[in-house]
Amino acid sequence: MMRPATSPRRVRALAGAGALGAAVLLSSCQSLSEQTTDLKYDAADGVSSSVGALQLSDVLVVTTGKGAAGHLSGMVTNNGESAAQLQISPTGGQPQTITVPPLTAVRLDGKPSGDGTAKVPAVTVPSVNVEPGAMLPITFGTGSAGSSPVQVPVLLDHPPYGTASHEPEGESTGSGEHH
């Protein structure tokens, strides 16, 4: 009596070997691919940079159009143990200096930060010299850490960034409506 070429035992052995081989091949893909969770990227509309102990996050300019006034939006975090002076110099505008308290984050639009205590004056650009959608060169600097030129995106004035004109506190709901 002749035995069939594919006995159940042999089929199970081949299936097990195939599954093991597939597992080894698929798991090796991980060793050849970079972990995307380890990549640094800007997950918002703005850009990030750093100057010394100051970390800039989600920085962008909001304006109604080329030649119109605009304002900076974003956050500056001081990771240092002492207050830091940050000079902000947009192309075509006058330098402005803000003081960021130690171990604190402040918003560049002049509104209170998440903890509600730290606040700096709103940083403005008197005349944005590029169209919305383009990049505006802005130099951020401190006396001790030097300066860092950053290409900052310019966005058209619409939610979620509010209005391009600075409104006195308490007059804006954050959506451009007055109450």
# chains A, B, ... in the order shown; residues from 1 in each chain; ligands from 1

call {"tool": "closest_atom_pairs", "arguments": {"of": "segment 75-114 of chain A", "to": "segment 55-58 of chain A", "cutoff": "12 Å", "atoms": "only C-alpha atoms", "output": "Markdown table"}}
result
| residue | atom | partner | partner_atom | distance |
| --- | --- | --- | --- | --- |
| A:Met75 | CA | A:Ser57 | CA | 5.1 |
| A:Val76 | CA | A:Leu56 | CA | 4.6 |
| A:Thr77 | CA | A:Gln55 | CA | 5.1 |
| A:Asn78 | CA | A:Gln55 | CA | 6.6 |
| A:Asn79 | CA | A:Gln55 | CA | 7.6 |
| A:Gly80 | CA | A:Gln55 | CA | 10.2 |
| A:Ala84 | CA | A:Gln55 | CA | 11.4 |
| A:Leu86 | CA | A:Leu56 | CA | 10.5 |
| A:Ile88 | CA | A:Leu56 | CA | 11.4 |
| A:Val100 | CA | A:Gln55 | CA | 10.8 |
| A:Leu103 | CA | A:Gln55 | CA | 11.0 |
| A:Thr104 | CA | A:Gln55 | CA | 10.6 |
| A:Ala105 | CA | A:Gln55 | CA | 9.0 |
| A:Val106 | CA | A:Leu56 | CA | 9.9 |
| A:Arg107 | CA | A:Ser57 | CA | 9.6 |
| A:Leu108 | CA | A:Leu56 | CA | 9.8 |
| A:Asp109 | CA | A:Asp58 | CA | 11.8 |

call {"tool": "closest_residue", "arguments": {"among": "A:Met135, A:Pro153, A:Pro159, A:His71", "to": "Ala122 of chain A", "atoms": "only C-alpha atoms"}}
result
A:His71

call {"tool": "atom_distance", "arguments": {"atom1": "atom CA of Thr139 of chain A", "atom2": "atom CA of Pro90 of chain A"}}
result
6.3 Å

call {"tool": "closest_residue", "arguments": {"among": "A:Leu60, A:Ala13, A:Ala69, A:Ala22", "to": "Pro126 of chain A", "atoms": "only C-alpha atoms"}}
result
A:Ala69

call {"tool": "residues_around", "arguments": {"residues": "Val150 of chain A", "least_positions_apart": "3", "cutoff": "10 Å", "atoms": "only C-alpha atoms", "output": "list of chain:residue names"}}
result
A:Val47, A:Ser48, A:Ser49, A:Ser50, A:Val59, A:Pro90, A:Met135, A:Leu136, A:Pro137, A:Ile138, A:Thr139, A:Phe140, A:Ser147, A:Pro153

call {"tool": "select_by_dssp", "arguments": {"residues": "segment 26-157 of chain A", "states": "strand (DSSP E)", "output": "PDB file with N, CA and C atoms, in the first residue's frame"}}
result
ATOM      1  N   VAL A  47       5.307  76.295  13.069  1.00  0.00           N
ATOM      2  CA  VAL A  47       6.616  75.644  13.094  1.00  0.00           C
ATOM      3  C   VAL A  47       7.221  75.728  14.489  1.00  0.00           C
ATOM      4  N   SER A  48       8.233  74.910  14.730  1.00  0.00           N
ATOM      5  CA  SER A  48       8.924  74.881  16.014  1.00  0.00           C
ATOM      6  C   SER A  48      10.384  75.238  15.818  1.00  0.00           C
ATOM      7  N   SER A  49      10.977  75.782  16.859  1.00  0.00           N
ATOM      8  CA  SER A  49      12.398  76.092  16.858  1.00  0.00           C
ATOM      9  C   SER A  49      12.820  76.266  18.312  1.00  0.00           C
ATOM     10  N   SER A  50      14.108  76.489  18.528  1.00  0.00           N
ATOM     11  CA  SER A  50      14.573  76.774  19.887  1.00  0.00           C
ATOM     12  C   SER A  50      15.710  77.779  19.830  1.00  0.00           C
ATOM     13  N   VAL A  51      15.790  78.570  20.888  1.00  0.00           N
ATOM     14  CA  VAL A  51      16.868  79.537  21.079  1.00  0.00           C
ATOM     15  C   VAL A  51      17.291  79.408  22.531  1.00  0.00           C
ATOM     16  N   LEU A  54      14.829  78.553  25.436  1.00  0.00           N
ATOM     17  CA  LEU A  54      13.474  78.848  24.971  1.00  0.00           C
ATOM     18  C   LEU A  54      13.081  77.924  23.822  1.00  0.00           C
ATOM     19  N   GLN A  55      11.913  77.299  23.964  1.00  0.00           N
ATOM     20  CA  GLN A  55      11.368  76.427  22.926  1.00  0.00           C
ATOM     21  C   GLN A  55      10.162  77.123  22.297  1.00  0.00           C
ATOM     22  N   LEU A  56      10.199  77.328  20.973  1.00  0.00           N
ATOM     23  CA  LEU A  56       9.086  77.929  20.237  1.00  0.00           C
ATOM     24  C   LEU A  56       8.239  76.808  19.649  1.00  0.00           C
ATOM     25  N   SER A  57       6.924  76.888  19.823  1.00  0.00           N
ATOM     26  CA  SER A  57       6.033  75.829  19.333  1.00  0.00           C
ATOM     27  C   SER A  57       4.859  76.426  18.563  1.00  0.00           C
ATOM     28  N   ASP A  58       4.519  75.801  17.439  1.00  0.00           N
ATOM     29  CA  ASP A  58       3.352  76.152  16.631  1.00  0.00           C
ATOM     30  C   ASP A  58       3.307  77.645  16.294  1.00  0.00           C
ATOM     31  N   VAL A  59       4.452  78.202  15.883  1.00  0.00           N
ATOM     32  CA  VAL A  59       4.537  79.630  15.573  1.00  0.00           C
ATOM     33  C   VAL A  59       4.063  79.867  14.138  1.00  0.00           C
ATOM     34  N   LEU A  60       3.156  80.839  13.981  1.00  0.00           N
ATOM     35  CA  LEU A  60       2.649  81.235  12.674  1.00  0.00           C
ATOM     36  C   LEU A  60       2.179  82.678  12.728  1.00  0.00           C
ATOM     37  N   VAL A  61       1.965  83.274  11.563  1.00  0.00           N
ATOM     38  CA  VAL A  61       1.456  84.644  11.457  1.00  0.00           C
ATOM     39  C   VAL A  61       0.065  84.578  10.853  1.00  0.00           C
ATOM     40  N   VAL A  62      -0.872  85.329  11.423  1.00  0.00           N
ATOM     41  CA  VAL A  62      -2.240  85.406  10.908  1.00  0.00           C
ATOM     42  C   VAL A  62      -2.461  86.817  10.384  1.00  0.00           C
ATOM     43  N   THR A  63      -2.978  86.928   9.156  1.00  0.00           N
ATOM     44  CA  THR A  63      -3.199  88.233   8.537  1.00  0.00           C
ATOM     45  C   THR A  63      -4.392  88.166   7.587  1.00  0.00           C
ATOM     46  N   GLY A  70      -0.540  91.877  10.876  1.00  0.00           N
ATOM     47  CA  GLY A  70      -0.719  90.493  11.288  1.00  0.00           C
ATOM     48  C   GLY A  70      -0.284  90.311  12.718  1.00  0.00           C
ATOM     49  N   HIS A  71      -0.549  89.157  13.265  1.00  0.00           N
ATOM     50  CA  HIS A  71      -0.064  88.862  14.616  1.00  0.00           C
ATOM     51  C   HIS A  71       0.475  87.453  14.675  1.00  0.00           C
ATOM     52  N   LEU A  72       1.400  87.264  15.591  1.00  0.00           N
ATOM     53  CA  LEU A  72       1.990  85.947  15.797  1.00  0.00           C
ATOM     54  C   LEU A  72       1.085  85.127  16.699  1.00  0.00           C
ATOM     55  N   SER A  73       1.026  83.861  16.386  1.00  0.00           N
ATOM     56  CA  SER A  73       0.338  82.899  17.223  1.00  0.00           C
ATOM     57  C   SER A  73       1.356  81.813  17.521  1.00  0.00           C
ATOM     58  N   GLY A  74       1.264  81.235  18.677  1.00  0.00           N
ATOM     59  CA  GLY A  74       2.195  80.180  19.054  1.00  0.00           C
ATOM     60  C   GLY A  74       2.538  80.274  20.527  1.00  0.00           C
ATOM     61  N   MET A  75       3.476  79.443  20.943  1.00  0.00           N
ATOM     62  CA  MET A  75       3.850  79.346  22.350  1.00  0.00           C
ATOM     63  C   MET A  75       5.361  79.406  22.484  1.00  0.00           C
ATOM     64  N   VAL A  76       5.822  80.087  23.546  1.00  0.00           N
ATOM     65  CA  VAL A  76       7.242  80.098  23.895  1.00  0.00           C
ATOM     66  C   VAL A  76       7.359  79.533  25.306  1.00  0.00           C
ATOM     67  N   THR A  77       8.154  78.486  25.449  1.00  0.00           N
ATOM     68  CA  THR A  77       8.360  77.851  26.752  1.00  0.00           C
ATOM     69  C   THR A  77       9.786  78.120  27.203  1.00  0.00           C
ATOM     70  N   ASN A  78       9.924  78.644  28.413  1.00  0.00           N
ATOM     71  CA  ASN A  78      11.241  78.886  28.999  1.00  0.00           C
ATOM     72  C   ASN A  78      11.558  77.708  29.914  1.00  0.00           C
ATOM     73  N   ALA A  84      13.875  85.026  30.697  1.00  0.00           N
ATOM     74  CA  ALA A  84      14.623  85.217  29.456  1.00  0.00           C
ATOM     75  C   ALA A  84      13.945  86.269  28.597  1.00  0.00           C
ATOM     76  N   GLN A  85      14.761  87.123  27.993  1.00  0.00           N
ATOM     77  CA  GLN A  85      14.267  88.132  27.063  1.00  0.00           C
ATOM     78  C   GLN A  85      14.372  87.549  25.657  1.00  0.00           C
ATOM     79  N   LEU A  86      13.263  87.519  24.935  1.00  0.00           N
ATOM     80  CA  LEU A  86      13.248  87.013  23.565  1.00  0.00           C
ATOM     81  C   LEU A  86      12.965  88.181  22.633  1.00  0.00           C
ATOM     82  N   GLN A  87      13.902  88.424  21.708  1.00  0.00           N
ATOM     83  CA  GLN A  87      13.698  89.464  20.702  1.00  0.00           C
ATOM     84  C   GLN A  87      13.150  88.790  19.444  1.00  0.00           C
ATOM     85  N   ILE A  88      12.048  89.359  18.942  1.00  0.00           N
ATOM     86  CA  ILE A  88      11.370  88.816  17.764  1.00  0.00           C
ATOM     87  C   ILE A  88      11.444  89.873  16.675  1.00  0.00           C
ATOM     88  N   SER A  89      12.101  89.527  15.552  1.00  0.00           N
ATOM     89  CA  SER A  89      12.328  90.486  14.470  1.00  0.00           C
ATOM     90  C   SER A  89      11.784  89.954  13.152  1.00  0.00           C
ATOM     91  N   PRO A  90      10.525  90.325  12.809  1.00  0.00           N
ATOM     92  CA  PRO A  90       9.985  89.885  11.525  1.00  0.00           C
ATOM     93  C   PRO A  90      10.590  90.692  10.376  1.00  0.00           C
ATOM     94  N   GLN A  96      10.555  93.308  18.451  1.00  0.00           N
ATOM     95  CA  GLN A  96       9.790  93.400  19.689  1.00  0.00           C
ATOM     96  C   GLN A  96      10.432  92.448  20.683  1.00  0.00           C
ATOM     97  N   THR A  97      10.444  92.826  21.945  1.00  0.00           N
ATOM     98  CA  THR A  97      11.049  91.992  22.977  1.00  0.00           C
ATOM     99  C   THR A  97       9.995  91.620  24.004  1.00  0.00           C
ATOM    100  N   ILE A  98       9.952  90.333  24.342  1.00  0.00           N
ATOM    101  CA  ILE A  98       9.072  89.859  25.406  1.00  0.00           C
ATOM    102  C   ILE A  98       9.937  89.192  26.472  1.00  0.00           C
ATOM    103  N   THR A  99       9.451  89.197  27.703  1.00  0.00           N
ATOM    104  CA  THR A  99      10.137  88.531  28.806  1.00  0.00           C
ATOM    105  C   THR A  99       9.342  87.284  29.173  1.00  0.00           C
ATOM    106  N   VAL A 100      10.021  86.139  29.129  1.00  0.00           N
ATOM    107  CA  VAL A 100       9.369  84.868  29.438  1.00  0.00           C
ATOM    108  C   VAL A 100       9.860  84.415  30.812  1.00  0.00           C
ATOM    109  N   THR A 104       8.163  78.468  32.482  1.00  0.00           N
ATOM    110  CA  THR A 104       6.812  78.905  32.148  1.00  0.00           C
ATOM    111  C   THR A 104       6.633  78.939  30.635  1.00  0.00           C
ATOM    112  N   ALA A 105       5.397  78.795  30.191  1.00  0.00           N
ATOM    113  CA  ALA A 105       5.055  78.946  28.780  1.00  0.00           C
ATOM    114  C   ALA A 105       4.141  80.155  28.618  1.00  0.00           C
ATOM    115  N   VAL A 106       4.369  80.934  27.553  1.00  0.00           N
ATOM    116  CA  VAL A 106       3.522  82.093  27.257  1.00  0.00           C
ATOM    117  C   VAL A 106       3.058  82.010  25.807  1.00  0.00           C
ATOM    118  N   ARG A 107       1.898  82.589  25.553  1.00  0.00           N
ATOM    119  CA  ARG A 107       1.344  82.632  24.204  1.00  0.00           C
ATOM    120  C   ARG A 107       1.766  83.931  23.529  1.00  0.00           C
ATOM    121  N   THR A 124       3.023  91.644  17.210  1.00  0.00           N
ATOM    122  CA  THR A 124       2.383  91.999  15.948  1.00  0.00           C
ATOM    123  C   THR A 124       3.409  92.235  14.849  1.00  0.00           C
ATOM    124  N   VAL A 125       2.937  92.162  13.626  1.00  0.00           N
ATOM    125  CA  VAL A 125       3.722  92.502  12.443  1.00  0.00           C
ATOM    126  C   VAL A 125       2.939  93.627  11.768  1.00  0.00           C
ATOM    127  N   MET A 135       5.852  81.821   3.360  1.00  0.00           N
ATOM    128  CA  MET A 135       6.624  81.812   4.606  1.00  0.00           C
ATOM    129  C   MET A 135       7.217  83.209   4.827  1.00  0.00           C
ATOM    130  N   LEU A 136       7.168  83.681   6.064  1.00  0.00           N
ATOM    131  CA  LEU A 136       7.739  84.974   6.443  1.00  0.00           C
ATOM    132  C   LEU A 136       8.964  84.719   7.312  1.00  0.00           C
ATOM    133  N   PRO A 137      10.140  85.207   6.901  1.00  0.00           N
ATOM    134  CA  PRO A 137      11.330  85.032   7.742  1.00  0.00           C
ATOM    135  C   PRO A 137      11.221  85.894   9.014  1.00  0.00           C
ATOM    136  N   ILE A 138      11.379  85.260  10.153  1.00  0.00           N
ATOM    137  CA  ILE A 138      11.381  85.950  11.446  1.00  0.00           C
ATOM    138  C   ILE A 138      12.598  85.454  12.209  1.00  0.00           C
ATOM    139  N   THR A 139      13.337  86.396  12.815  1.00  0.00           N
ATOM    140  CA  THR A 139      14.497  86.025  13.621  1.00  0.00           C
ATOM    141  C   THR A 139      14.122  86.112  15.092  1.00  0.00           C
ATOM    142  N   PHE A 140      14.370  85.032  15.811  1.00  0.00           N
ATOM    143  CA  PHE A 140      14.144  84.967  17.251  1.00  0.00           C
ATOM    144  C   PHE A 140      15.514  84.927  17.919  1.00  0.00           C
ATOM    145  N   GLY A 141      15.717  85.771  18.926  1.00  0.00           N
ATOM    146  CA  GLY A 141      17.033  85.793  19.548  1.00  0.00           C
ATOM    147  C   GLY A 141      17.001  86.152  21.020  1.00  0.00           C
ATOM    148  N   THR A 142      18.049  85.729  21.714  1.00  0.00           N
ATOM    149  CA  THR A 142      18.270  86.113  23.104  1.00  0.00           C
ATOM    150  C   THR A 142      19.701  86.629  23.194  1.00  0.00           C
ATOM    151  N   GLY A 146      22.224  83.838  21.268  1.00  0.00           N
ATOM    152  CA  GLY A 146      22.297  84.232  19.868  1.00  0.00           C
ATOM    153  C   GLY A 146      20.922  84.271  19.238  1.00  0.00           C
ATOM    154  N   SER A 147      20.856  84.107  17.906  1.00  0.00           N
ATOM    155  CA  SER A 147      19.578  84.208  17.218  1.00  0.00           C
ATOM    156  C   SER A 147      19.357  83.022  16.288  1.00  0.00           C
ATOM    157  N   SER A 148      18.093  82.823  15.964  1.00  0.00           N
ATOM    158  CA  SER A 148      17.698  81.724  15.093  1.00  0.00           C
ATOM    159  C   SER A 148      16.696  82.241  14.067  1.00  0.00           C
ATOM    160  N   PRO A 149      17.084  82.295  12.770  1.00  0.00           N
ATOM    161  CA  PRO A 149      16.111  82.682  11.744  1.00  0.00           C
ATOM    162  C   PRO A 149      15.157  81.517  11.469  1.00  0.00           C
ATOM    163  N   VAL A 150      13.878  81.823  11.405  1.00  0.00           N
ATOM    164  CA  VAL A 150      12.861  80.786  11.226  1.00  0.00           C
ATOM    165  C   VAL A 150      11.925  81.202  10.097  1.00  0.00           C
ATOM    166  N   GLN A 151      11.611  80.269   9.196  1.00  0.00           N
ATOM    167  CA  GLN A 151      10.616  80.497   8.152  1.00  0.00           C
ATOM    168  C   GLN A 151       9.249  80.178   8.754  1.00  0.00           C
ATOM    169  N   VAL A 152       8.435  81.219   8.967  1.00  0.00           N
ATOM    170  CA  VAL A 152       7.165  81.082   9.670  1.00  0.00           C
ATOM    171  C   VAL A 152       6.018  81.126   8.657  1.00  0.00           C
ATOM    172  N   PRO A 153       5.091  80.159   8.709  1.00  0.00           N
ATOM    173  CA  PRO A 153       3.972  80.176   7.771  1.00  0.00           C
ATOM    174  C   PRO A 153       3.017  81.336   8.056  1.00  0.00           C
ATOM    175  N   VAL A 154       2.462  81.907   6.970  1.00  0.00           N
ATOM    176  CA  VAL A 154       1.488  82.987   7.065  1.00  0.00           C
ATOM    177  C   VAL A 154       0.135  82.411   6.674  1.00  0.00           C
ATOM    178  N   LEU A 155      -0.841  82.528   7.581  1.00  0.00           N
ATOM    179  CA  LEU A 155      -2.181  81.989   7.343  1.00  0.00           C
ATOM    180  C   LEU A 155      -3.188  83.117   7.211  1.00  0.00           C
ATOM    181  N   LEU A 156      -4.212  82.858   6.434  1.00  0.00           N
ATOM    182  CA  LEU A 156      -5.300  83.805   6.249  1.00  0.00           C
ATOM    183  C   LEU A 156      -6.120  83.876   7.530  1.00  0.00           C
TER     184      LEU A 156
END

call {"tool": "atom_distance", "arguments": {"atom1": "atom CA of Ala44 of chain A", "atom2": "atom CA of Gly133 of chain A"}}
result
14.5 Å

call {"tool": "atom_distance", "arguments": {"atom1": "atom CA of Gly93 of chain A", "atom2": "atom CA of Asn129 of chain A"}}
result
9.2 Å

call {"tool": "decode", "arguments": {"residues": "segment 5-18 of chain A", "atoms": "all heavy atoms", "output": "compact mmCIF listing (two decimals), in the first residue's frame"}}
result
# COMPACT_ATOMS: atom_id res chain seq x y z
N ALA A 5 1.32 11.32 -0.87
CA ALA A 5 2.47 12.24 -0.75
C ALA A 5 2.21 13.34 0.27
O ALA A 5 3.14 13.92 0.80
CB ALA A 5 2.80 12.84 -2.10
N THR A 6 0.97 13.64 0.54
CA THR A 6 0.65 14.70 1.49
C THR A 6 -0.16 14.14 2.65
O THR A 6 -1.37 14.24 2.68
CB THR A 6 -0.12 15.83 0.80
OG1 THR A 6 -1.26 15.28 0.16
CG2 THR A 6 0.74 16.58 -0.18
N SER A 7 0.51 13.54 3.59
CA SER A 7 -0.16 13.01 4.76
C SER A 7 -0.55 14.16 5.67
O SER A 7 0.04 15.24 5.63
CB SER A 7 0.75 12.03 5.49
OG SER A 7 1.82 12.72 6.09
N PRO A 8 -1.55 13.98 6.54
CA PRO A 8 -1.96 15.05 7.45
C PRO A 8 -0.80 15.54 8.32
O PRO A 8 -0.68 16.74 8.59
CB PRO A 8 -3.05 14.41 8.30
CG PRO A 8 -3.59 13.30 7.48
CD PRO A 8 -2.43 12.82 6.64
N ARG A 9 0.06 14.65 8.75
CA ARG A 9 1.20 15.04 9.58
C ARG A 9 2.14 15.95 8.78
O ARG A 9 2.62 16.95 9.29
CB ARG A 9 1.95 13.80 10.04
CG ARG A 9 3.13 14.15 10.91
CD ARG A 9 3.93 12.97 11.27
NE ARG A 9 3.31 12.29 12.39
CZ ARG A 9 3.75 11.16 12.89
NH1 ARG A 9 4.77 10.55 12.33
NH2 ARG A 9 3.18 10.61 13.92
N ARG A 10 2.38 15.59 7.55
CA ARG A 10 3.27 16.38 6.70
C ARG A 10 2.66 17.76 6.39
O ARG A 10 3.34 18.77 6.37
CB ARG A 10 3.56 15.62 5.42
CG ARG A 10 4.60 16.29 4.59
CD ARG A 10 4.97 15.44 3.42
NE ARG A 10 6.04 16.10 2.72
CZ ARG A 10 6.90 15.51 1.97
NH1 ARG A 10 6.82 14.21 1.81
NH2 ARG A 10 7.83 16.18 1.37
N VAL A 11 1.35 17.83 6.15
CA VAL A 11 0.66 19.10 5.89
C VAL A 11 0.77 20.01 7.10
O VAL A 11 1.06 21.21 6.98
CB VAL A 11 -0.82 18.85 5.51
CG1 VAL A 11 -1.62 20.14 5.51
CG2 VAL A 11 -0.91 18.15 4.17
N ARG A 12 0.57 19.44 8.31
CA ARG A 12 0.68 20.25 9.53
C ARG A 12 2.10 20.76 9.71
O ARG A 12 2.33 21.90 10.09
CB ARG A 12 0.25 19.45 10.75
CG ARG A 12 -1.26 19.34 10.88
CD ARG A 12 -1.68 18.82 12.25
NE ARG A 12 -1.12 17.52 12.57
CZ ARG A 12 -1.72 16.36 12.31
NH1 ARG A 12 -2.90 16.35 11.74
NH2 ARG A 12 -1.15 15.23 12.64
N ALA A 13 3.08 19.95 9.44
CA ALA A 13 4.48 20.36 9.58
C ALA A 13 4.82 21.47 8.59
O ALA A 13 5.48 22.45 8.95
CB ALA A 13 5.41 19.16 9.38
N LEU A 14 4.37 21.33 7.35
CA LEU A 14 4.63 22.37 6.35
C LEU A 14 3.91 23.68 6.70
O LEU A 14 4.46 24.77 6.54
CB LEU A 14 4.21 21.89 4.96
CG LEU A 14 5.12 20.85 4.31
CD1 LEU A 14 4.50 20.34 3.03
CD2 LEU A 14 6.49 21.43 4.07
N ALA A 15 2.69 23.59 7.18
CA ALA A 15 1.93 24.78 7.58
C ALA A 15 2.62 25.48 8.75
O ALA A 15 2.75 26.72 8.77
CB ALA A 15 0.50 24.41 7.94
N GLY A 16 3.08 24.70 9.71
CA GLY A 16 3.79 25.29 10.86
C GLY A 16 5.08 25.97 10.43
O GLY A 16 5.40 27.07 10.88
N ALA A 17 5.82 25.33 9.54
CA ALA A 17 7.08 25.92 9.05
C ALA A 17 6.80 27.19 8.26
O ALA A 17 7.52 28.19 8.36
CB ALA A 17 7.83 24.90 8.20
N GLY A 18 5.72 27.18 7.47
CA GLY A 18 5.35 28.37 6.69
C GLY A 18 4.96 29.53 7.60
O GLY A 18 5.33 30.69 7.37
